[in-house]
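K.L.:
Quick one: the structure is below, questions incoming.
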Amino acid sequence: MKMAVTGEMKGMNEDQFIDSIGKQRYDPELIRHFSGVIYGLFDLMDVNCNGCMHEDDYRRMLSQIGVEDPSFTKEAFRAIDVKHAGKLSYEEFIYAFSEFMFSEDDNSPYGHFFGPLVN
């Protein structure tokens, strides 16, 4: 995130941060860094090292990052398994994660990648 600094350093509020990320969504540098982080997560969850993530791997990933109620995983997994192969490729996983993070579509099937929002 590039910000012009005049005089003293000032912070960024939540709305400015969200706006900045949205504007940078297609920035090749952001995509490269973001993809590396997501690949690392995918690689950690691919416990049998077969290059794909099955529904039980997905459920385990969510449990390990603190999602308390994984009951939504079957429906979410089906939505992000666009090839309907019963497993997620790295490409499907990173696309779903990216859409979750950056999409402004309230009806996106990727909106519940980490489960429904709670208060």
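Ligands are numbered from 1 in the order shown, chains are lettered A, B, ... in the order of the structure tokens, and residues start at 1 in each chain.
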Can you list every residue in chain A that DSSP puts in helix (DSSP H, G or I), as an MDAnalysis selection string?
P.N.:
chainID A and resid 14:23 28:45 55:64 70:80 90:102
K.L.:
Pick out the residues sitting within 10 Å of stretch 25-27 of chain A, and hand them over as a PyMOL selection string; count only C-alpha atoms, and ignore anything fewer than 5 positions along from it in its own chain.
P.N.:
chain A and resi 20+32+98+101-103
K.L.:
Write a file of the just-selected residues containing C-alpha atoms, as a compact mmCIF listing (two decimals), in the first residue's frame.
P.N.:
# COMPACT_ATOMS: atom_id res chain seq x y z
CA SER A 20 -6.76 0.49 -0.64
CA ARG A 32 2.30 -12.69 -6.03
CA SER A 98 -9.16 -14.63 -3.38
CA MET A 101 -11.14 -11.76 0.31
CA PHE A 102 -11.80 -9.39 -2.59
CA SER A 103 -15.23 -9.99 -4.11
K.L.:
For A:Glu99, find every residue with an atom within 12 Å (counting only C-alpha atoms), except residues of its own chain fewer than 3 positions away, and show them as a list in words.
P.N.:
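The residues satisfying every condition are Gly22, Arg25, Tyr26, Ile80, Glu92, Phe93, Ile94, Tyr95, Ala96, Phe102, Ser103, Glu104, Asp105, Asp106, Asn107, Ser108, Pro109, Tyr110, Gly111, His112, Phe113 and Phe114 of chain A.
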K.L.:
Limited to N, CA and C atoms, could you put the picked residues into a file as a PDB file, in the first residue's frame?
P.N.:
ATOM      1  N   GLY A  22      -8.913  -3.006  -2.119  1.00  0.00           N
ATOM      2  CA  GLY A  22      -9.782  -3.150  -3.291  1.00  0.00           C
ATOM      3  C   GLY A  22      -9.160  -2.576  -4.545  1.00  0.00           C
ATOM      4  N   ARG A  25      -6.368  -4.899  -5.918  1.00  0.00           N
ATOM      5  CA  ARG A  25      -6.746  -6.298  -6.146  1.00  0.00           C
ATOM      6  C   ARG A  25      -6.011  -6.949  -7.311  1.00  0.00           C
ATOM      7  N   TYR A  26      -5.810  -6.236  -8.377  1.00  0.00           N
ATOM      8  CA  TYR A  26      -5.185  -6.811  -9.565  1.00  0.00           C
ATOM      9  C   TYR A  26      -3.711  -6.440  -9.705  1.00  0.00           C
ATOM     10  N   ILE A  80     -16.931 -24.444  -3.787  1.00  0.00           N
ATOM     11  CA  ILE A  80     -15.610 -24.062  -4.297  1.00  0.00           C
ATOM     12  C   ILE A  80     -14.961 -25.162  -5.137  1.00  0.00           C
ATOM     13  N   GLU A  92      -8.174 -23.974  -7.663  1.00  0.00           N
ATOM     14  CA  GLU A  92      -9.522 -23.775  -7.128  1.00  0.00           C
ATOM     15  C   GLU A  92      -9.457 -23.135  -5.741  1.00  0.00           C
ATOM     16  N   PHE A  93      -8.523 -23.605  -4.931  1.00  0.00           N
ATOM     17  CA  PHE A  93      -8.393 -23.107  -3.568  1.00  0.00           C
ATOM     18  C   PHE A  93      -8.011 -21.629  -3.561  1.00  0.00           C
ATOM     19  N   ILE A  94      -7.011 -21.259  -4.339  1.00  0.00           N
ATOM     20  CA  ILE A  94      -6.572 -19.859  -4.321  1.00  0.00           C
ATOM     21  C   ILE A  94      -7.621 -18.949  -4.939  1.00  0.00           C
ATOM     22  N   TYR A  95      -8.327 -19.428  -5.954  1.00  0.00           N
ATOM     23  CA  TYR A  95      -9.390 -18.616  -6.547  1.00  0.00           C
ATOM     24  C   TYR A  95     -10.493 -18.376  -5.521  1.00  0.00           C
ATOM     25  N   ALA A  96     -10.919 -19.431  -4.829  1.00  0.00           N
ATOM     26  CA  ALA A  96     -11.972 -19.303  -3.823  1.00  0.00           C
ATOM     27  C   ALA A  96     -11.541 -18.365  -2.700  1.00  0.00           C
ATOM     28  N   PHE A 102     -11.690 -10.594  -1.777  1.00  0.00           N
ATOM     29  CA  PHE A 102     -11.799  -9.391  -2.589  1.00  0.00           C
ATOM     30  C   PHE A 102     -13.138  -9.156  -3.277  1.00  0.00           C
ATOM     31  N   SER A 103     -13.986 -10.159  -3.366  1.00  0.00           N
ATOM     32  CA  SER A 103     -15.234  -9.993  -4.106  1.00  0.00           C
ATOM     33  C   SER A 103     -16.184  -9.054  -3.372  1.00  0.00           C
ATOM     34  N   GLU A 104     -16.879  -8.249  -4.140  1.00  0.00           N
ATOM     35  CA  GLU A 104     -17.904  -7.375  -3.579  1.00  0.00           C
ATOM     36  C   GLU A 104     -19.290  -7.946  -3.824  1.00  0.00           C
ATOM     37  N   ASP A 105     -19.363  -9.146  -4.401  1.00  0.00           N
ATOM     38  CA  ASP A 105     -20.622  -9.805  -4.708  1.00  0.00           C
ATOM     39  C   ASP A 105     -21.163 -10.484  -3.455  1.00  0.00           C
ATOM     40  N   ASP A 106     -22.247  -9.947  -2.907  1.00  0.00           N
ATOM     41  CA  ASP A 106     -22.832 -10.507  -1.692  1.00  0.00           C
ATOM     42  C   ASP A 106     -23.395 -11.910  -1.901  1.00  0.00           C
ATOM     43  N   ASN A 107     -23.643 -12.298  -3.149  1.00  0.00           N
ATOM     44  CA  ASN A 107     -24.205 -13.615  -3.445  1.00  0.00           C
ATOM     45  C   ASN A 107     -23.153 -14.595  -3.951  1.00  0.00           C
ATOM     46  N   SER A 108     -21.907 -14.254  -3.799  1.00  0.00           N
ATOM     47  CA  SER A 108     -20.829 -15.122  -4.267  1.00  0.00           C
ATOM     48  C   SER A 108     -20.839 -16.446  -3.518  1.00  0.00           C
ATOM     49  N   PRO A 109     -20.649 -17.562  -4.236  1.00  0.00           N
ATOM     50  CA  PRO A 109     -20.583 -18.855  -3.540  1.00  0.00           C
ATOM     51  C   PRO A 109     -19.349 -18.971  -2.651  1.00  0.00           C
ATOM     52  N   TYR A 110     -18.425 -18.027  -2.789  1.00  0.00           N
ATOM     53  CA  TYR A 110     -17.199 -18.063  -2.000  1.00  0.00           C
ATOM     54  C   TYR A 110     -17.320 -17.254  -0.710  1.00  0.00           C
ATOM     55  N   GLY A 111     -18.476 -16.654  -0.490  1.00  0.00           N
ATOM     56  CA  GLY A 111     -18.683 -15.796   0.664  1.00  0.00           C
ATOM     57  C   GLY A 111     -18.583 -16.488   2.001  1.00  0.00           C
ATOM     58  N   HIS A 112     -18.737 -17.794   2.021  1.00  0.00           N
ATOM     59  CA  HIS A 112     -18.669 -18.553   3.277  1.00  0.00           C
ATOM     60  C   HIS A 112     -17.450 -19.457   3.316  1.00  0.00           C
ATOM     61  N   PHE A 113     -16.389 -19.041   2.656  1.00  0.00           N
ATOM     62  CA  PHE A 113     -15.160 -19.841   2.621  1.00  0.00           C
ATOM     63  C   PHE A 113     -14.687 -20.221   4.023  1.00  0.00           C
ATOM     64  N   PHE A 114     -14.821 -19.272   4.961  1.00  0.00           N
ATOM     65  CA  PHE A 114     -14.428 -19.525   6.358  1.00  0.00           C
ATOM     66  C   PHE A 114     -15.656 -19.672   7.253  1.00  0.00           C
TER      67      PHE A 114
END
K.L.:
Rounded to one decimal in Å, what is the spacing between atom CA of A:Cys49 and atom CA of A:Val67?
P.N.:
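Taking atom CA of A:Cys49 as the start and atom CA of A:Val67 as the end point, the length is 23.5 Å.
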K.L.:
Using only C-alpha atoms for the distances, tell me which of A:Val37, A:Glu75, A:Leu44, A:Asp15 is nearest to A:Arg60.
P.N.:
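Of all the options, A:Leu44 lies closest to A:Arg60.
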